[in-house]
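Quick look at final12.cif (mmCIF, C-alpha atoms):
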data_query
#
loop_
_atom_site.label_atom_id
_atom_site.label_comp_id
_atom_site.auth_asym_id
_atom_site.auth_seq_id
_atom_site.Cartn_x
_atom_site.Cartn_y
_atom_site.Cartn_z
CA GLN Q 1 0.00 0.00 0.00
CA VAL Q 2 1.33 3.41 -0.96
CA GLN Q 3 1.79 6.01 1.76
CA LEU Q 4 1.71 9.63 0.60
CA VAL Q 5 2.71 12.54 2.84
CA GLU Q 6 2.14 16.14 1.78
CA SER Q 7 3.99 19.14 3.15
CA GLY Q 8 4.58 22.78 2.35
CA GLY Q 9 1.16 24.27 2.92
CA GLY Q 10 0.55 27.39 4.93
CA LEU Q 11 -0.76 30.95 4.97
CA VAL Q 12 0.31 33.23 2.14
CA GLN Q 13 -0.80 36.64 0.89
CA PRO Q 14 -2.48 37.06 -2.49
CA GLY Q 15 0.15 37.14 -5.20
CA GLY Q 16 2.52 35.02 -3.14
CA SER Q 17 4.04 31.61 -3.77
CA LEU Q 18 4.19 28.21 -2.12
CA ARG Q 19 5.76 24.88 -3.03
CA LEU Q 20 4.02 21.70 -1.98
CA SER Q 21 5.82 18.38 -1.70
CA CYS Q 22 4.46 14.84 -1.73
CA ALA Q 23 6.69 12.05 -0.46
CA SER Q 24 5.78 8.54 -1.58
CA SER Q 25 6.64 5.36 0.33
CA GLU Q 26 7.34 3.56 -2.91
CA SER Q 27 8.75 4.41 -6.29
CA ILE Q 28 6.57 6.97 -8.04
CA SER Q 29 7.39 5.14 -11.25
CA GLU Q 30 5.09 2.39 -9.94
CA SER Q 31 2.11 4.72 -10.35
CA TYR Q 32 0.53 5.36 -13.72
CA VAL Q 33 -0.36 8.93 -12.78
CA MET Q 34 0.66 11.14 -9.85
CA GLY Q 35 -1.35 14.22 -9.16
CA TRP Q 36 -2.50 17.05 -6.97
CA TYR Q 37 -6.14 17.70 -6.12
CA ARG Q 38 -7.76 20.26 -3.87
CA GLN Q 39 -10.95 20.66 -1.90
CA ALA Q 40 -12.28 23.99 -0.72
CA PRO Q 41 -14.89 24.24 2.06
CA GLY Q 42 -18.32 23.27 0.78
CA LYS Q 43 -16.97 22.18 -2.60
CA GLN Q 44 -16.09 18.90 -4.25
CA ARG Q 45 -12.52 17.75 -4.61
CA GLU Q 46 -11.11 18.88 -7.95
CA LEU Q 47 -8.10 18.11 -10.08
CA VAL Q 48 -5.26 20.64 -9.97
CA ALA Q 49 -2.47 18.96 -11.91
CA THR Q 50 -1.31 15.49 -12.91
CA ILE Q 51 1.84 13.97 -14.35
CA SER Q 52 1.81 10.57 -16.00
CA ILE Q 53 4.44 7.86 -15.93
CA GLY Q 54 5.39 9.01 -19.42
CA GLY Q 55 5.71 12.63 -18.37
CA ILE Q 56 2.45 13.93 -19.81
CA ILE Q 57 1.24 16.87 -17.71
CA ASN Q 58 -2.30 18.12 -17.30
CA TYR Q 59 -3.50 21.25 -15.49
CA ALA Q 60 -6.88 22.58 -14.49
CA ASP Q 61 -7.70 25.69 -16.50
CA SER Q 62 -7.88 27.74 -13.32
CA VAL Q 63 -4.18 27.15 -12.51
CA LYS Q 64 -2.58 27.09 -15.97
CA GLY Q 65 0.33 29.49 -16.16
CA ARG Q 66 0.53 29.81 -12.37
CA PHE Q 67 1.14 26.28 -11.05
CA THR Q 68 3.82 23.80 -12.09
CA ILE Q 69 3.88 20.09 -11.27
CA SER Q 70 7.19 18.24 -11.25
CA ARG Q 71 8.73 15.07 -9.86
CA ASP Q 72 11.97 13.62 -8.58
CA ARG Q 73 12.13 9.91 -9.34
CA ILE Q 74 15.20 9.42 -7.18
CA LYS Q 75 13.60 10.98 -4.10
CA ASN Q 76 10.17 9.55 -4.98
CA GLU Q 77 8.60 12.95 -4.56
CA VAL Q 78 6.13 15.03 -6.52
CA TYR Q 79 5.95 18.81 -6.23
CA LEU Q 80 3.49 21.59 -6.95
CA ALA Q 81 4.95 25.05 -7.34
CA MET Q 82 2.21 27.62 -6.93
CA ASN Q 83 2.73 31.24 -7.98
CA SER Q 84 0.45 34.28 -8.18
CA LEU Q 85 -1.80 32.72 -5.59
CA LYS Q 86 -5.38 33.94 -5.31
CA SER Q 87 -7.92 33.71 -2.52
CA GLU Q 88 -9.83 31.14 -4.57
CA ASP Q 89 -6.81 28.83 -4.37
CA THR Q 90 -7.53 28.38 -0.66
CA ALA Q 91 -8.18 24.68 -0.07
CA VAL Q 92 -6.79 21.48 1.33
CA TYR Q 93 -4.39 20.07 -1.25
CA TYR Q 94 -4.12 16.31 -1.63
CA CYS Q 95 -1.52 14.16 -3.33
CA ASN Q 96 -2.79 11.21 -5.36
CA ALA Q 97 -1.21 8.08 -6.77
CA ASP Q 98 -3.21 6.30 -9.44
CA LYS Q 99 -2.00 2.73 -9.85
CA ARG Q 100 -5.01 1.76 -11.99
CA THR Q 101 -6.02 -1.81 -11.18
CA LEU Q 102 -3.62 -1.85 -8.22
CA GLY Q 103 -5.45 0.93 -6.44
CA ASN Q 104 -5.85 4.66 -6.01
CA TYR Q 105 -4.16 6.29 -3.03
CA TRP Q 106 -4.47 9.64 -1.25
CA GLY Q 107 -2.42 11.57 1.24
CA SER Q 108 -4.03 13.24 4.24
CA GLY Q 109 -3.73 16.71 2.72
CA THR Q 110 -2.06 20.01 3.47
CA GLN Q 111 -3.91 23.29 4.03
CA VAL Q 112 -3.21 26.25 1.77
CA THR Q 113 -4.75 29.55 2.82
CA VAL Q 114 -4.42 32.64 0.64
CA SER Q 115 -5.42 35.72 2.57
CA SER Q 116 -4.22 39.22 3.39
#
Could you write out this structure as structure tokens?
Amino acid sequence: QVQLVESGGGLVQPGGSLRLSCASSESISESYVMGWYRQAPGKQRELVATISIGGIINYADSVKGRFTISRDRIKNEVYLAMNSLKSEDTAVYYCNADKRTLGNYWGSGTQVTVSS
């Protein structure tokens, strides 16, 4: 079973930046897709960004040009660099590992609050 641990969340002013990290207990190359999702209060969890085993990257329209997903296969970590943060980016951010038929795994989340 994959263990995912997120870190890097916090309070930041509008226009600021944060970098989230997701540490995986096993090789991230074992997952077909690694991704970041978020859930704001009263809203459904939504996709933020994903990166496939082949390196194909997908972003939600709302974060394109501001967020960047990346990975380190040696450290087994996935990152989300977030720039030009807005109040509507406030949410709990979750790391996800999609292993297809072998399961879908979530971290416990890290809070990101964008406020002045």
TODO: Could you give me, as a PyMOL selection string, the residues that sit within 7 Å of (2.4, 37.8, -1.0) in the file's coordinates, counting all atoms listed in the file?
DONE: chain Q and resi 12-17
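Atom pair CA of Ser115 (chain Q) / CA of Val78 (chain Q): separated by 25.4 Å.
Taking CA of Tyr93 (chain Q) as the reference point, CA of Ser108 (chain Q) is found at 8.8 Å.
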Task: Contacts of Ala81 (chain Q) at 12 Å (all atoms listed in the file; same-chain gap of 3+ positions) as number ranges by chain - done: Q: 8-9, 16-22, 36, 48-49, 63-71, 78, 84-85
On this structure, the PyMOL selection byres ((chain Q and resi 94) around 10) would catch which residues? List them as a short mmCIF file (atom, residue, chain, number, x, y, z; two decimals) with C-alpha atoms, in the frame of the given file, sorted by chain and number.
data_model
loop_
_atom_site.label_atom_id
_atom_site.label_comp_id
_atom_site.auth_asym_id
_atom_site.auth_seq_id
_atom_site.Cartn_x
_atom_site.Cartn_y
_atom_site.Cartn_z
CA LEU Q 4 1.71 9.63 0.60
CA VAL Q 5 2.71 12.54 2.84
CA GLU Q 6 2.14 16.14 1.78
CA SER Q 7 3.99 19.14 3.15
CA LEU Q 20 4.02 21.70 -1.98
CA CYS Q 22 4.46 14.84 -1.73
CA GLY Q 35 -1.35 14.22 -9.16
CA TRP Q 36 -2.50 17.05 -6.97
CA TYR Q 37 -6.14 17.70 -6.12
CA ARG Q 38 -7.76 20.26 -3.87
CA GLN Q 39 -10.95 20.66 -1.90
CA ARG Q 45 -12.52 17.75 -4.61
CA GLU Q 46 -11.11 18.88 -7.95
CA LEU Q 47 -8.10 18.11 -10.08
CA VAL Q 48 -5.26 20.64 -9.97
CA ALA Q 91 -8.18 24.68 -0.07
CA VAL Q 92 -6.79 21.48 1.33
CA TYR Q 93 -4.39 20.07 -1.25
CA CYS Q 95 -1.52 14.16 -3.33
CA ASN Q 96 -2.79 11.21 -5.36
CA TRP Q 106 -4.47 9.64 -1.25
CA GLY Q 107 -2.42 11.57 1.24
CA SER Q 108 -4.03 13.24 4.24
CA GLY Q 109 -3.73 16.71 2.72
CA THR Q 110 -2.06 20.01 3.47
CA GLN Q 111 -3.91 23.29 4.03
#
Open item on the list: Once the PyMOL selection byres ((chain Q and resi 28) around 8) has been evaluated on this model, what residues remain selected, and can you format them as a ChimeraX atom specification?
Closed with: /Q:24,26-27,29-31,34,73,76-77,97
Task: Length of the CA of Ser25 (chain Q) to CA of Ile74 (chain Q) vector [Å] - done: 12.1 Å
Open item on the list: Using only C-alpha atoms - which residues lie no farther than 6 Å from the point (-6.4, 29.4, 5.1) in the file's frame? Write them as an MDAnalysis selection string.
Closed with: chainID Q and resid 11 90 112:114
Open item on the list: For this structure, which residues satisfy the selection - the PyMOL selection byres ((chain Q and resi 100) around 9) - when it is evaluated on the file as given? I want them as number ranges by chain.
Closed with: Q: 31-33, 98-99, 101-104
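Each of Q:Ala23, Q:Val2, Q:Ser62, Q:Tyr79 was checked against Thr50 (chain Q) using only C-alpha atoms; the smallest atom-to-atom distance is that of Q:Tyr79.
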Would you mind putting back all heavy atoms on region 103-114 of chain Q, then writing it out as a PDB file, in the frame of the given file?
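Wrote it out as part-v5.pdb, contents follow:
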ATOM      1  N   GLY Q 103      -4.921   0.063  -7.471  1.00  0.00           N
ATOM      2  CA  GLY Q 103      -5.450   0.930  -6.440  1.00  0.00           C
ATOM      3  C   GLY Q 103      -5.219   2.401  -6.692  1.00  0.00           C
ATOM      4  O   GLY Q 103      -4.438   2.798  -7.557  1.00  0.00           O
ATOM      5  N   ASN Q 104      -5.933   3.205  -5.943  1.00  0.00           N
ATOM      6  CA  ASN Q 104      -5.850   4.660  -6.010  1.00  0.00           C
ATOM      7  C   ASN Q 104      -5.625   5.161  -4.596  1.00  0.00           C
ATOM      8  O   ASN Q 104      -6.405   4.841  -3.684  1.00  0.00           O
ATOM      9  CB  ASN Q 104      -7.154   5.220  -6.585  1.00  0.00           C
ATOM     10  CG  ASN Q 104      -7.027   6.667  -6.963  1.00  0.00           C
ATOM     11  OD1 ASN Q 104      -7.089   7.555  -6.126  1.00  0.00           O
ATOM     12  ND2 ASN Q 104      -6.831   6.923  -8.237  1.00  0.00           N
ATOM     13  N   TYR Q 105      -4.580   5.939  -4.379  1.00  0.00           N
ATOM     14  CA  TYR Q 105      -4.160   6.290  -3.030  1.00  0.00           C
ATOM     15  C   TYR Q 105      -4.102   7.798  -2.835  1.00  0.00           C
ATOM     16  O   TYR Q 105      -3.757   8.543  -3.766  1.00  0.00           O
ATOM     17  CB  TYR Q 105      -2.783   5.677  -2.733  1.00  0.00           C
ATOM     18  CG  TYR Q 105      -2.795   4.175  -2.844  1.00  0.00           C
ATOM     19  CD1 TYR Q 105      -2.484   3.545  -4.042  1.00  0.00           C
ATOM     20  CD2 TYR Q 105      -3.151   3.382  -1.764  1.00  0.00           C
ATOM     21  CE1 TYR Q 105      -2.526   2.172  -4.162  1.00  0.00           C
ATOM     22  CE2 TYR Q 105      -3.186   1.997  -1.872  1.00  0.00           C
ATOM     23  CZ  TYR Q 105      -2.878   1.407  -3.079  1.00  0.00           C
ATOM     24  OH  TYR Q 105      -2.916   0.037  -3.186  1.00  0.00           O
ATOM     25  N   TRP Q 106      -4.430   8.217  -1.590  1.00  0.00           N
ATOM     26  CA  TRP Q 106      -4.470   9.640  -1.250  1.00  0.00           C
ATOM     27  C   TRP Q 106      -3.625   9.904  -0.010  1.00  0.00           C
ATOM     28  O   TRP Q 106      -3.545   9.084   0.902  1.00  0.00           O
ATOM     29  CB  TRP Q 106      -5.888  10.081  -0.950  1.00  0.00           C
ATOM     30  CG  TRP Q 106      -6.805   9.995  -2.124  1.00  0.00           C
ATOM     31  CD1 TRP Q 106      -7.590   8.938  -2.485  1.00  0.00           C
ATOM     32  CD2 TRP Q 106      -7.041  11.013  -3.104  1.00  0.00           C
ATOM     33  NE1 TRP Q 106      -8.296   9.236  -3.625  1.00  0.00           N
ATOM     34  CE2 TRP Q 106      -7.976  10.501  -4.024  1.00  0.00           C
ATOM     35  CE3 TRP Q 106      -6.548  12.311  -3.285  1.00  0.00           C
ATOM     36  CZ2 TRP Q 106      -8.437  11.240  -5.116  1.00  0.00           C
ATOM     37  CZ3 TRP Q 106      -7.009  13.038  -4.374  1.00  0.00           C
ATOM     38  CH2 TRP Q 106      -7.936  12.509  -5.268  1.00  0.00           C
ATOM     39  N   GLY Q 107      -3.022  11.085   0.023  1.00  0.00           N
ATOM     40  CA  GLY Q 107      -2.420  11.570   1.240  1.00  0.00           C
ATOM     41  C   GLY Q 107      -3.486  12.190   2.125  1.00  0.00           C
ATOM     42  O   GLY Q 107      -4.660  12.266   1.758  1.00  0.00           O
ATOM     43  N   SER Q 108      -3.075  12.661   3.295  1.00  0.00           N
ATOM     44  CA  SER Q 108      -4.030  13.240   4.240  1.00  0.00           C
ATOM     45  C   SER Q 108      -4.274  14.714   3.995  1.00  0.00           C
ATOM     46  O   SER Q 108      -5.177  15.301   4.605  1.00  0.00           O
ATOM     47  CB  SER Q 108      -3.540  13.029   5.671  1.00  0.00           C
ATOM     48  OG  SER Q 108      -2.265  13.629   5.834  1.00  0.00           O
ATOM     49  N   GLY Q 109      -3.489  15.326   3.111  1.00  0.00           N
ATOM     50  CA  GLY Q 109      -3.730  16.710   2.720  1.00  0.00           C
ATOM     51  C   GLY Q 109      -2.900  17.722   3.483  1.00  0.00           C
ATOM     52  O   GLY Q 109      -2.437  17.478   4.590  1.00  0.00           O
ATOM     53  N   THR Q 110      -2.730  18.881   2.843  1.00  0.00           N
ATOM     54  CA  THR Q 110      -2.060  20.010   3.470  1.00  0.00           C
ATOM     55  C   THR Q 110      -2.858  21.277   3.163  1.00  0.00           C
ATOM     56  O   THR Q 110      -3.293  21.482   2.031  1.00  0.00           O
ATOM     57  CB  THR Q 110      -0.594  20.138   2.992  1.00  0.00           C
ATOM     58  OG1 THR Q 110       0.075  21.183   3.704  1.00  0.00           O
ATOM     59  CG2 THR Q 110      -0.489  20.416   1.498  1.00  0.00           C
ATOM     60  N   GLN Q 111      -3.063  22.100   4.179  1.00  0.00           N
ATOM     61  CA  GLN Q 111      -3.910  23.290   4.030  1.00  0.00           C
ATOM     62  C   GLN Q 111      -3.128  24.432   3.384  1.00  0.00           C
ATOM     63  O   GLN Q 111      -2.015  24.757   3.814  1.00  0.00           O
ATOM     64  CB  GLN Q 111      -4.427  23.740   5.401  1.00  0.00           C
ATOM     65  CG  GLN Q 111      -5.244  25.026   5.376  1.00  0.00           C
ATOM     66  CD  GLN Q 111      -6.600  24.845   4.714  1.00  0.00           C
ATOM     67  OE1 GLN Q 111      -7.327  23.906   5.023  1.00  0.00           O
ATOM     68  NE2 GLN Q 111      -6.955  25.766   3.816  1.00  0.00           N
ATOM     69  N   VAL Q 112      -3.734  25.035   2.388  1.00  0.00           N
ATOM     70  CA  VAL Q 112      -3.210  26.250   1.770  1.00  0.00           C
ATOM     71  C   VAL Q 112      -4.257  27.341   1.951  1.00  0.00           C
ATOM     72  O   VAL Q 112      -5.406  27.177   1.541  1.00  0.00           O
ATOM     73  CB  VAL Q 112      -2.909  26.046   0.279  1.00  0.00           C
ATOM     74  CG1 VAL Q 112      -2.557  27.379  -0.384  1.00  0.00           C
ATOM     75  CG2 VAL Q 112      -1.783  25.051   0.098  1.00  0.00           C
ATOM     76  N   THR Q 113      -3.848  28.428   2.599  1.00  0.00           N
ATOM     77  CA  THR Q 113      -4.750  29.550   2.820  1.00  0.00           C
ATOM     78  C   THR Q 113      -4.138  30.804   2.209  1.00  0.00           C
ATOM     79  O   THR Q 113      -3.006  31.175   2.546  1.00  0.00           O
ATOM     80  CB  THR Q 113      -4.997  29.779   4.314  1.00  0.00           C
ATOM     81  OG1 THR Q 113      -5.541  28.581   4.893  1.00  0.00           O
ATOM     82  CG2 THR Q 113      -5.982  30.922   4.526  1.00  0.00           C
ATOM     83  N   VAL Q 114      -4.873  31.420   1.301  1.00  0.00           N
ATOM     84  CA  VAL Q 114      -4.420  32.640   0.640  1.00  0.00           C
ATOM     85  C   VAL Q 114      -5.288  33.786   1.158  1.00  0.00           C
ATOM     86  O   VAL Q 114      -6.478  33.862   0.864  1.00  0.00           O
ATOM     87  CB  VAL Q 114      -4.511  32.535  -0.885  1.00  0.00           C
ATOM     88  CG1 VAL Q 114      -3.926  33.792  -1.536  1.00  0.00           C
ATOM     89  CG2 VAL Q 114      -3.805  31.282  -1.378  1.00  0.00           C
TER      90      VAL Q 114
END
